[in-house]
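Reproduced below: protein.cif, with mmCIF, C-alpha atoms.
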data_final
loop_
_atom_site.group_PDB
_atom_site.id
_atom_site.type_symbol
_atom_site.label_atom_id
_atom_site.label_comp_id
_atom_site.auth_asym_id
_atom_site.auth_seq_id
_atom_site.Cartn_x
_atom_site.Cartn_y
_atom_site.Cartn_z
ATOM 1 C CA MET A 273 137.616 123.728 144.138
ATOM 2 C CA LYS A 274 136.755 127.335 143.340
ATOM 3 C CA PHE A 275 137.707 128.307 146.893
ATOM 4 C CA PHE A 276 141.323 127.333 146.331
ATOM 5 C CA LEU A 277 141.503 129.129 142.999
ATOM 6 C CA CYS A 278 140.036 132.233 144.642
ATOM 7 C CA PHE A 279 142.556 131.843 147.476
ATOM 8 C CA ALA A 280 145.370 131.731 144.936
ATOM 9 C CA LYS A 281 144.084 134.859 143.158
ATOM 10 C CA PHE A 282 143.697 136.655 146.492
ATOM 11 C CA PHE A 283 147.186 135.646 147.564
ATOM 12 C CA LEU A 284 148.669 136.951 144.309
ATOM 13 C CA CYS A 285 146.875 140.299 144.620
ATOM 14 C CA PHE A 286 147.452 140.682 148.349
ATOM 15 C CA SER A 287 151.107 139.733 148.148
ATOM 16 C CA ALA A 288 151.830 142.395 145.536
ATOM 17 C CA ASN A 289 151.752 145.114 148.224
ATOM 18 C CA VAL A 290 153.187 143.230 151.204
ATOM 19 C CA LYS A 291 156.723 142.192 152.082
ATOM 20 C CA LEU A 292 156.829 138.432 151.729
ATOM 21 C CA THR A 293 159.098 135.779 153.140
ATOM 22 C CA ARG A 294 161.200 133.821 150.663
ATOM 23 C CA LYS A 295 158.811 130.864 150.925
ATOM 24 C CA GLU A 296 155.783 133.061 150.271
ATOM 25 C CA MET A 297 157.535 134.523 147.232
ATOM 26 C CA ILE A 298 158.235 131.033 145.916
ATOM 27 C CA PHE A 299 154.578 130.113 146.434
ATOM 28 C CA ARG A 300 153.387 133.321 144.730
ATOM 29 C CA ASN A 301 155.675 132.679 141.770
ATOM 30 C CA PHE A 302 154.558 129.048 141.626
ATOM 31 C CA ILE A 303 150.867 130.026 141.431
ATOM 32 C CA HIS A 304 151.655 132.675 138.830
ATOM 33 C CA ASN A 305 153.573 130.121 136.749
ATOM 34 C CA VAL A 306 150.814 127.524 137.090
ATOM 35 C CA GLU A 307 148.274 130.073 135.849
ATOM 36 C CA ASN A 308 150.447 130.733 132.820
ATOM 37 C CA HIS A 309 151.516 127.181 131.977
ATOM 38 C CA TYR A 310 148.974 124.650 133.318
ATOM 39 C CA THR A 311 147.570 123.966 129.848
ATOM 40 C CA LYS A 312 150.979 122.768 128.672
ATOM 41 C CA GLU A 313 152.820 121.561 131.782
ATOM 42 C CA ARG A 314 151.627 119.406 134.669
ATOM 43 C CA GLN A 315 155.004 118.311 136.049
ATOM 44 C CA ILE A 316 156.320 119.817 139.285
ATOM 45 C CA THR A 317 159.839 119.589 137.833
ATOM 46 C CA PHE A 318 158.929 122.161 135.179
ATOM 47 C CA TYR A 319 157.739 124.668 137.795
ATOM 48 C CA ALA A 320 160.751 124.030 140.043
ATOM 49 C CA ASP A 321 163.095 124.645 137.110
ATOM 50 C CA LEU A 322 161.458 128.034 136.534
ATOM 51 C CA GLU A 323 162.409 128.993 140.090
ATOM 52 C CA TYR A 324 165.852 127.335 139.974
ATOM 53 C CA ILE A 325 165.004 125.094 142.915
ATOM 54 C CA THR A 326 164.530 121.345 143.293
ATOM 55 C CA PRO A 327 161.084 119.789 142.877
ATOM 56 C CA LYS A 328 161.283 118.458 146.447
ATOM 57 C CA TYR A 329 161.985 121.923 147.860
ATOM 58 C CA LEU A 330 159.188 123.463 145.779
ATOM 59 C CA SER A 331 156.752 120.819 147.008
ATOM 60 C CA THR A 332 157.800 121.389 150.606
ATOM 61 C CA VAL A 333 157.461 125.165 150.373
ATOM 62 C CA VAL A 334 154.090 125.039 148.621
ATOM 63 C CA TYR A 335 152.761 122.666 151.275
ATOM 64 C CA GLU A 336 154.108 124.802 154.144
ATOM 65 C CA VAL A 337 152.552 127.993 152.766
ATOM 66 C CA SER A 338 149.218 126.661 151.492
ATOM 67 C CA ASN A 339 148.719 123.329 153.303
ATOM 68 C CA ARG A 340 148.166 121.756 149.859
ATOM 69 C CA HIS A 341 150.532 119.804 147.658
ATOM 70 C CA ALA A 342 151.991 121.439 144.547
ATOM 71 C CA GLY A 343 150.513 118.696 142.362
ATOM 72 C CA ASP A 344 147.077 119.398 143.817
ATOM 73 C CA TRP A 345 147.339 123.048 142.764
ATOM 74 C CA ILE A 346 148.309 122.065 139.234
ATOM 75 C CA ASN A 347 145.531 119.473 139.009
ATOM 76 C CA GLU A 348 143.027 121.999 140.362
ATOM 77 C CA TYR A 349 143.779 124.412 137.539
ATOM 78 C CA VAL A 350 143.701 121.685 134.875
ATOM 79 C CA ILE A 351 140.407 120.204 136.095
ATOM 80 C CA PHE A 352 138.811 123.633 136.456
ATOM 81 C CA GLU A 353 139.719 124.439 132.844
ATOM 82 C CA ALA A 354 138.600 121.014 131.637
ATOM 83 C CA LYS A 355 135.220 121.466 133.327
ATOM 84 C CA LYS A 356 134.855 124.908 131.816
ATOM 85 C CA LEU A 357 135.642 123.565 128.331
ATOM 86 C CA LEU A 358 133.390 120.518 128.777
ATOM 87 C CA GLY A 359 130.555 122.820 129.812
ATOM 88 C CA SER A 360 130.720 124.343 126.366
ATOM 89 C CA GLU A 361 129.575 122.159 123.501
ATOM 90 C CA PHE A 362 131.721 124.040 120.992
ATOM 91 C CA LEU A 363 134.738 121.772 121.478
ATOM 92 C CA SER A 364 134.837 118.007 121.176
ATOM 93 C CA ILE A 365 136.470 116.017 123.950
ATOM 94 C CA GLN A 366 139.341 115.297 121.565
ATOM 95 C CA GLU A 367 139.860 119.037 121.014
ATOM 96 C CA ILE A 368 139.832 119.608 124.764
ATOM 97 C CA CYS A 369 142.515 116.917 125.138
ATOM 98 C CA TYR A 370 144.642 118.731 122.595
ATOM 99 C CA LYS A 371 144.027 122.124 124.203
ATOM 100 C CA LEU A 372 145.091 120.802 127.625
ATOM 101 C CA ASN A 373 148.116 118.966 126.208
ATOM 102 C CA PHE A 374 147.036 115.387 126.916
ATOM 103 C CA SER A 375 148.648 112.799 124.689
ATOM 104 C CA ASN A 376 145.339 111.081 123.922
ATOM 105 C CA GLN A 377 141.685 110.989 124.843
ATOM 106 C CA SER A 378 142.083 107.836 126.918
ATOM 107 C CA PHE A 379 144.676 109.411 129.204
ATOM 108 C CA PHE A 380 142.546 112.553 129.564
ATOM 109 C CA GLY A 381 139.512 110.438 130.456
ATOM 110 C CA LYS A 382 141.413 108.547 133.163
ATOM 111 C CA TYR A 383 142.924 111.765 134.536
ATOM 112 C CA PHE A 384 139.548 113.523 134.604
ATOM 113 C CA LYS A 385 137.776 110.550 136.199
ATOM 114 C CA ARG A 386 140.475 110.177 138.874
ATOM 115 C CA HIS A 387 139.957 113.805 139.918
ATOM 116 C CA THR A 388 136.194 114.177 139.513
ATOM 117 C CA GLY A 389 134.739 110.692 139.830
ATOM 118 C CA MET A 390 133.092 110.828 136.406
ATOM 119 C CA SER A 391 134.186 110.583 132.798
ATOM 120 C CA PRO A 392 134.383 113.707 130.635
ATOM 121 C CA LEU A 393 131.288 112.599 128.720
ATOM 122 C CA GLU A 394 129.344 111.952 131.947
ATOM 123 C CA TYR A 395 130.362 115.378 133.206
ATOM 124 C CA ARG A 396 129.343 117.048 129.937
ATOM 125 C CA LYS A 397 125.927 115.335 130.075
ATOM 126 C CA SER A 398 125.419 116.322 133.740
ATOM 127 C CA VAL A 399 126.168 119.967 132.976
ATOM 128 C CA ALA A 400 123.916 120.000 129.909
ATOM 129 C CA LYS A 401 120.847 119.066 131.967
#

Once more with this new file: its structure as C-alpha coordinates, please.
Amino acid sequence: MKFFLCFAKFFLCFSANVKLTRKEMIFRNFIHNVENHYTKERQITFYADLEYITPKYLSTVVYEVSNRHAGDWINEYVIFEAKKLLGSEFLSIQEICYKLNFSNQSFFGKYFKRHTGMSPLEYRKSVAK
(Lines of atoms letter the chains of each structure in order from A and count residues from 1; the text may use other names and numbers.)
(Lines give C-alpha, C1' and ligand atoms only; values in the text may rest on other atoms or scores of the structure.)
Protein backbone atom coordinates (compact mmCIF):
# COMPACT_ATOMS: atom_id res chain seq x y z
CA MET A 1 0.00 0.00 0.00
CA LYS A 2 2.70 2.48 0.96
CA PHE A 3 4.51 1.72 -2.30
CA PHE A 4 1.66 3.13 -4.36
CA LEU A 5 1.37 6.23 -2.20
CA CYS A 6 5.12 6.76 -2.53
CA PHE A 7 4.80 6.22 -6.29
CA ALA A 8 2.11 8.89 -6.43
CA LYS A 9 4.24 11.36 -4.44
CA PHE A 10 7.25 10.62 -6.66
CA PHE A 11 5.18 11.07 -9.80
CA LEU A 12 3.88 14.44 -8.58
CA CYS A 13 7.38 15.69 -7.74
CA PHE A 14 9.04 14.24 -10.84
CA SER A 15 6.35 15.50 -13.18
CA ALA A 16 6.73 19.08 -11.97
CA ASN A 17 9.94 19.47 -13.99
CA VAL A 18 9.17 17.29 -17.02
CA LYS A 19 6.97 17.85 -20.05
CA LEU A 20 4.03 15.51 -19.65
CA THR A 21 1.56 14.05 -22.09
CA ARG A 22 -2.07 15.06 -21.67
CA LYS A 23 -2.85 11.71 -20.02
CA GLU A 24 0.03 12.08 -17.57
CA MET A 25 -1.19 15.57 -16.70
CA ILE A 26 -4.68 14.22 -16.05
CA PHE A 27 -3.20 11.51 -13.82
CA ARG A 28 -1.02 14.04 -11.95
CA ASN A 29 -4.01 16.31 -11.39
CA PHE A 30 -6.13 13.34 -10.30
CA ILE A 31 -3.58 12.30 -7.65
CA HIS A 32 -3.24 15.90 -6.49
CA ASN A 33 -7.03 16.20 -6.19
CA VAL A 34 -7.32 12.87 -4.36
CA GLU A 35 -4.70 14.04 -1.85
CA ASN A 36 -6.72 17.18 -1.24
CA HIS A 37 -10.23 15.71 -1.17
CA TYR A 38 -10.13 12.01 -0.22
CA THR A 39 -11.46 12.70 3.28
CA LYS A 40 -14.64 14.18 1.82
CA GLU A 41 -15.07 12.60 -1.62
CA ARG A 42 -14.71 8.99 -2.73
CA GLN A 43 -16.65 9.16 -6.00
CA ILE A 44 -14.79 9.12 -9.32
CA THR A 45 -17.44 11.47 -10.72
CA PHE A 46 -16.30 14.21 -8.34
CA TYR A 47 -12.68 13.94 -9.52
CA ALA A 48 -13.71 13.79 -13.19
CA ASP A 49 -15.81 16.93 -12.76
CA LEU A 50 -12.76 18.76 -11.40
CA GLU A 51 -10.96 17.99 -14.67
CA TYR A 52 -14.01 18.61 -16.88
CA ILE A 53 -13.87 15.08 -18.27
CA THR A 54 -16.16 12.07 -17.99
CA PRO A 55 -15.68 9.52 -15.21
CA LYS A 56 -15.14 6.80 -17.83
CA TYR A 57 -12.36 8.77 -19.52
CA LEU A 58 -10.72 9.56 -16.18
CA SER A 59 -10.81 5.89 -15.21
CA THR A 60 -9.33 4.88 -18.55
CA VAL A 61 -6.52 7.43 -18.36
CA VAL A 62 -5.64 6.62 -14.75
CA TYR A 63 -5.47 2.92 -15.59
CA GLU A 64 -3.33 3.51 -18.70
CA VAL A 65 -0.83 5.68 -16.82
CA SER A 66 -0.63 3.80 -13.51
CA ASN A 67 -1.96 0.30 -14.26
CA ARG A 68 -4.36 0.78 -11.33
CA HIS A 69 -8.01 1.78 -11.28
CA ALA A 70 -8.98 5.29 -10.17
CA GLY A 71 -11.18 3.84 -7.42
CA ASP A 72 -8.22 1.86 -6.11
CA TRP A 73 -6.19 5.05 -5.75
CA ILE A 74 -9.00 6.74 -3.84
CA ASN A 75 -9.52 3.71 -1.60
CA GLU A 76 -5.78 3.49 -0.97
CA TYR A 77 -5.69 7.03 0.39
CA VAL A 78 -8.83 6.54 2.51
CA ILE A 79 -7.63 3.25 4.02
CA PHE A 80 -4.15 4.63 4.67
CA GLU A 81 -5.67 7.56 6.58
CA ALA A 82 -8.10 5.30 8.42
CA LYS A 83 -5.25 3.04 9.53
CA LYS A 84 -3.25 6.03 10.67
CA LEU A 85 -6.20 7.36 12.69
CA LEU A 86 -7.03 3.92 14.12
CA GLY A 87 -3.42 3.55 15.22
CA SER A 88 -3.95 6.52 17.48
CA GLU A 89 -6.22 5.99 20.46
CA PHE A 90 -7.11 9.68 20.65
CA LEU A 91 -10.11 9.35 18.33
CA SER A 92 -13.02 6.97 18.69
CA ILE A 93 -14.07 4.92 15.69
CA GLN A 94 -17.17 7.12 15.44
CA GLU A 95 -14.98 10.24 15.25
CA ILE A 96 -12.86 8.61 12.56
CA CYS A 97 -16.04 7.88 10.58
CA TYR A 98 -16.98 11.54 10.81
CA LYS A 99 -13.48 12.71 9.89
CA LEU A 100 -13.45 10.49 6.78
CA ASN A 101 -17.00 11.48 5.80
CA PHE A 102 -18.71 8.11 6.25
CA SER A 103 -22.43 8.32 6.87
CA ASN A 104 -22.29 5.91 9.82
CA GLN A 105 -20.03 3.56 11.71
CA SER A 106 -21.59 0.48 10.13
CA PHE A 107 -20.78 1.62 6.59
CA PHE A 108 -17.23 2.54 7.64
CA GLY A 109 -16.77 -0.89 9.23
CA LYS A 110 -17.92 -2.70 6.08
CA TYR A 111 -15.76 -0.48 3.86
CA PHE A 112 -12.69 -0.97 6.06
CA LYS A 113 -13.20 -4.73 6.33
CA ARG A 114 -13.68 -5.09 2.56
CA HIS A 115 -10.31 -3.41 1.96
CA THR A 116 -8.26 -4.79 4.85
CA GLY A 117 -9.88 -8.07 5.84
CA MET A 118 -10.46 -6.96 9.42
CA SER A 119 -12.83 -4.66 11.26
CA PRO A 120 -11.65 -1.26 12.49
CA LEU A 121 -11.69 -2.53 16.08
CA GLU A 122 -9.69 -5.65 15.16
CA TYR A 123 -7.18 -3.47 13.35
CA ARG A 124 -6.91 -1.08 16.31
CA LYS A 125 -6.30 -4.01 18.68
CA SER A 126 -3.67 -5.54 16.36
CA VAL A 127 -1.77 -2.26 16.17
CA ALA A 128 -1.95 -1.71 19.93
CA LYS A 129 -0.09 -4.96 20.65

Kindly provide the residues of range 285-370 of chain A that approach range 380-397 of chain A to within 10 Å, each paired with its closest atom pair and their distance in Å to one decimal, based on all atoms listed in the file, listed by chain and increasing number, as a tab-separated table.
residue	atom	partner	partner_atom	distance
A:Asp344	CA	A:His387	CA	9.9
A:Asn347	CA	A:His387	CA	8.0
A:Glu348	CA	A:His387	CA	8.8
A:Val350	CA	A:Phe384	CA	9.2
A:Ile351	CA	A:Phe384	CA	6.9
A:Ala354	CA	A:Phe384	CA	8.1
A:Lys355	CA	A:Tyr395	CA	7.8
A:Lys356	CA	A:Arg396	CA	9.8
A:Leu357	CA	A:Arg396	CA	9.2
A:Leu358	CA	A:Arg396	CA	5.5
A:Gly359	CA	A:Arg396	CA	5.9
A:Ser360	CA	A:Arg396	CA	8.2
A:Glu361	CA	A:Arg396	CA	8.2
A:Ser364	CA	A:Leu393	CA	9.9
A:Ile365	CA	A:Pro392	CA	7.4
A:Gln366	CA	A:Phe380	CA	9.0
A:Ile368	CA	A:Phe380	CA	9.0
A:Cys369	CA	A:Phe380	CA	6.2
A:Tyr370	CA	A:Phe380	CA	9.5

Q. If you measure from CA of Val306 in chain A to CA of Asn376 in chain A, what distance in Å do you get, rounded to one decimal?
A.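 Going from CA of Val306 in chain A over to CA of Asn376 in chain A covers 21.8 Å.
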
Q.
Taking all atoms listed in the file into account, name the residue in A:Lys312, A:Ser338, A:Phe362, A:Asp321 that is nearest to Arg300 in chain A.
A. A:Ser338

Name all residues at most 9 Å from Thr332 in chain A (count all atoms listed in the file; drop same-chain ones fewer than 4 positions away) and give them as a tab-separated table (two decimals) with C-alpha atoms, in the coordinates of the input.
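And here is the file that came out, selection_1.tsv:
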chain	number	residue	atom	x	y	z
A	327	PRO	CA	161.08	119.79	142.88
A	328	LYS	CA	161.28	118.46	146.45
A	336	GLU	CA	154.11	124.80	154.14
A	337	VAL	CA	152.55	127.99	152.77
A	341	HIS	CA	150.53	119.80	147.66
A	342	ALA	CA	151.99	121.44	144.55

Q: Point out the residue among A:Glu353, A:Arg294, A:Gln377, A:Glu307 with the least atom-to-atom distance to Leu330 in chain A, counting all atoms listed in the file.
A: A:Arg294

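With distances taken over all atoms listed in the file, A:Asn339 is the one residue among A:Ser398, A:Gln315, A:Asn339, A:Ser375 lying closest to Phe299 in chain A.
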
Because some atoms of range 320-344 of chain A are absent here, can you restore N, CA, C and O atoms and send them as a PDB file, in the coordinates of the input?
ATOM      1  N   ALA A 320     159.550 123.875 139.217  1.00  0.00           N
ATOM      2  CA  ALA A 320     160.751 124.030 140.043  1.00  0.00           C
ATOM      3  C   ALA A 320     161.895 124.602 139.213  1.00  0.00           C
ATOM      4  O   ALA A 320     162.623 125.489 139.677  1.00  0.00           O
ATOM      5  N   ASP A 321     162.038 124.135 137.995  1.00  0.00           N
ATOM      6  CA  ASP A 321     163.095 124.645 137.110  1.00  0.00           C
ATOM      7  C   ASP A 321     162.923 126.137 136.837  1.00  0.00           C
ATOM      8  O   ASP A 321     163.913 126.872 136.726  1.00  0.00           O
ATOM      9  N   LEU A 322     161.692 126.603 136.748  1.00  0.00           N
ATOM     10  CA  LEU A 322     161.458 128.034 136.534  1.00  0.00           C
ATOM     11  C   LEU A 322     161.953 128.876 137.705  1.00  0.00           C
ATOM     12  O   LEU A 322     162.314 130.044 137.534  1.00  0.00           O
ATOM     13  N   GLU A 323     161.962 128.290 138.881  1.00  0.00           N
ATOM     14  CA  GLU A 323     162.409 128.993 140.090  1.00  0.00           C
ATOM     15  C   GLU A 323     163.859 128.660 140.459  1.00  0.00           C
ATOM     16  O   GLU A 323     164.362 129.159 141.457  1.00  0.00           O
ATOM     17  N   TYR A 324     164.477 127.778 139.699  1.00  0.00           N
ATOM     18  CA  TYR A 324     165.852 127.335 139.974  1.00  0.00           C
ATOM     19  C   TYR A 324     165.982 126.678 141.346  1.00  0.00           C
ATOM     20  O   TYR A 324     166.930 126.924 142.093  1.00  0.00           O
ATOM     21  N   ILE A 325     164.976 125.862 141.674  1.00  0.00           N
ATOM     22  CA  ILE A 325     165.004 125.094 142.915  1.00  0.00           C
ATOM     23  C   ILE A 325     164.652 123.647 142.585  1.00  0.00           C
ATOM     24  O   ILE A 325     164.199 123.345 141.482  1.00  0.00           O
ATOM     25  N   THR A 326     164.850 122.750 143.538  1.00  0.00           N
ATOM     26  CA  THR A 326     164.530 121.345 143.293  1.00  0.00           C
ATOM     27  C   THR A 326     163.027 121.113 143.423  1.00  0.00           C
ATOM     28  O   THR A 326     162.342 121.847 144.158  1.00  0.00           O
ATOM     29  N   PRO A 327     162.514 120.106 142.746  1.00  0.00           N
ATOM     30  CA  PRO A 327     161.084 119.789 142.877  1.00  0.00           C
ATOM     31  C   PRO A 327     160.698 119.475 144.330  1.00  0.00           C
ATOM     32  O   PRO A 327     159.618 119.850 144.782  1.00  0.00           O
ATOM     33  N   LYS A 328     161.576 118.795 145.051  1.00  0.00           N
ATOM     34  CA  LYS A 328     161.283 118.458 146.447  1.00  0.00           C
ATOM     35  C   LYS A 328     161.145 119.728 147.295  1.00  0.00           C
ATOM     36  O   LYS A 328     160.226 119.846 148.102  1.00  0.00           O
ATOM     37  N   TYR A 329     162.053 120.677 147.094  1.00  0.00           N
ATOM     38  CA  TYR A 329     161.985 121.923 147.860  1.00  0.00           C
ATOM     39  C   TYR A 329     160.730 122.710 147.490  1.00  0.00           C
ATOM     40  O   TYR A 329     160.039 123.245 148.365  1.00  0.00           O
ATOM     41  N   LEU A 330     160.409 122.776 146.205  1.00  0.00           N
ATOM     42  CA  LEU A 330     159.188 123.463 145.779  1.00  0.00           C
ATOM     43  C   LEU A 330     157.968 122.826 146.432  1.00  0.00           C
ATOM     44  O   LEU A 330     157.112 123.524 146.980  1.00  0.00           O
ATOM     45  N   SER A 331     157.895 121.521 146.405  1.00  0.00           N
ATOM     46  CA  SER A 331     156.752 120.819 147.008  1.00  0.00           C
ATOM     47  C   SER A 331     156.650 121.111 148.494  1.00  0.00           C
ATOM     48  O   SER A 331     155.548 121.349 149.016  1.00  0.00           O
ATOM     49  N   THR A 332     157.783 121.109 149.168  1.00  0.00           N
ATOM     50  CA  THR A 332     157.800 121.389 150.606  1.00  0.00           C
ATOM     51  C   THR A 332     157.317 122.799 150.898  1.00  0.00           C
ATOM     52  O   THR A 332     156.476 123.022 151.778  1.00  0.00           O
ATOM     53  N   VAL A 333     157.832 123.763 150.159  1.00  0.00           N
ATOM     54  CA  VAL A 333     157.461 125.165 150.373  1.00  0.00           C
ATOM     55  C   VAL A 333     155.982 125.387 150.083  1.00  0.00           C
ATOM     56  O   VAL A 333     155.274 126.029 150.871  1.00  0.00           O
ATOM     57  N   VAL A 334     155.504 124.863 148.977  1.00  0.00           N
ATOM     58  CA  VAL A 334     154.090 125.039 148.621  1.00  0.00           C
ATOM     59  C   VAL A 334     153.200 124.453 149.712  1.00  0.00           C
ATOM     60  O   VAL A 334     152.215 125.075 150.128  1.00  0.00           O
ATOM     61  N   TYR A 335     153.568 123.281 150.221  1.00  0.00           N
ATOM     62  CA  TYR A 335     152.761 122.666 151.275  1.00  0.00           C
ATOM     63  C   TYR A 335     152.812 123.490 152.568  1.00  0.00           C
ATOM     64  O   TYR A 335     151.790 123.676 153.234  1.00  0.00           O
ATOM     65  N   GLU A 336     153.982 123.994 152.919  1.00  0.00           N
ATOM     66  CA  GLU A 336     154.108 124.802 154.144  1.00  0.00           C
ATOM     67  C   GLU A 336     153.287 126.086 154.067  1.00  0.00           C
ATOM     68  O   GLU A 336     152.678 126.495 155.053  1.00  0.00           O
ATOM     69  N   VAL A 337     153.261 126.719 152.909  1.00  0.00           N
ATOM     70  CA  VAL A 337     152.552 127.993 152.766  1.00  0.00           C
ATOM     71  C   VAL A 337     151.047 127.790 152.612  1.00  0.00           C
ATOM     72  O   VAL A 337     150.253 128.521 153.195  1.00  0.00           O
ATOM     73  N   SER A 338     150.644 126.783 151.834  1.00  0.00           N
ATOM     74  CA  SER A 338     149.218 126.661 151.492  1.00  0.00           C
ATOM     75  C   SER A 338     148.514 125.456 152.116  1.00  0.00           C
ATOM     76  O   SER A 338     147.307 125.330 151.998  1.00  0.00           O
ATOM     77  N   ASN A 339     149.277 124.564 152.731  1.00  0.00           N
ATOM     78  CA  ASN A 339     148.719 123.329 153.303  1.00  0.00           C
ATOM     79  C   ASN A 339     148.091 122.436 152.224  1.00  0.00           C
ATOM     80  O   ASN A 339     147.176 121.670 152.494  1.00  0.00           O
ATOM     81  N   ARG A 340     148.579 122.602 150.977  1.00  0.00           N
ATOM     82  CA  ARG A 340     148.166 121.756 149.859  1.00  0.00           C
ATOM     83  C   ARG A 340     149.412 121.405 149.061  1.00  0.00           C
ATOM     84  O   ARG A 340     150.334 122.199 148.954  1.00  0.00           O
ATOM     85  N   HIS A 341     149.397 120.241 148.456  1.00  0.00           N
ATOM     86  CA  HIS A 341     150.532 119.804 147.658  1.00  0.00           C
ATOM     87  C   HIS A 341     150.586 120.553 146.330  1.00  0.00           C
ATOM     88  O   HIS A 341     149.550 120.942 145.780  1.00  0.00           O
ATOM     89  N   ALA A 342     151.800 120.732 145.820  1.00  0.00           N
ATOM     90  CA  ALA A 342     151.991 121.439 144.547  1.00  0.00           C
ATOM     91  C   ALA A 342     151.211 120.752 143.430  1.00  0.00           C
ATOM     92  O   ALA A 342     150.570 121.417 142.601  1.00  0.00           O
ATOM     93  N   GLY A 343     151.252 119.437 143.380  1.00  0.00           N
ATOM     94  CA  GLY A 343     150.513 118.696 142.362  1.00  0.00           C
ATOM     95  C   GLY A 343     149.019 118.931 142.447  1.00  0.00           C
ATOM     96  O   GLY A 343     148.329 118.970 141.414  1.00  0.00           O
ATOM     97  N   ASP A 344     148.504 119.120 143.655  1.00  0.00           N
ATOM     98  CA  ASP A 344     147.077 119.398 143.817  1.00  0.00           C
ATOM     99  C   ASP A 344     146.712 120.750 143.207  1.00  0.00           C
ATOM    100  O   ASP A 344     145.652 120.893 142.596  1.00  0.00           O
TER     101      ASP A 344
END
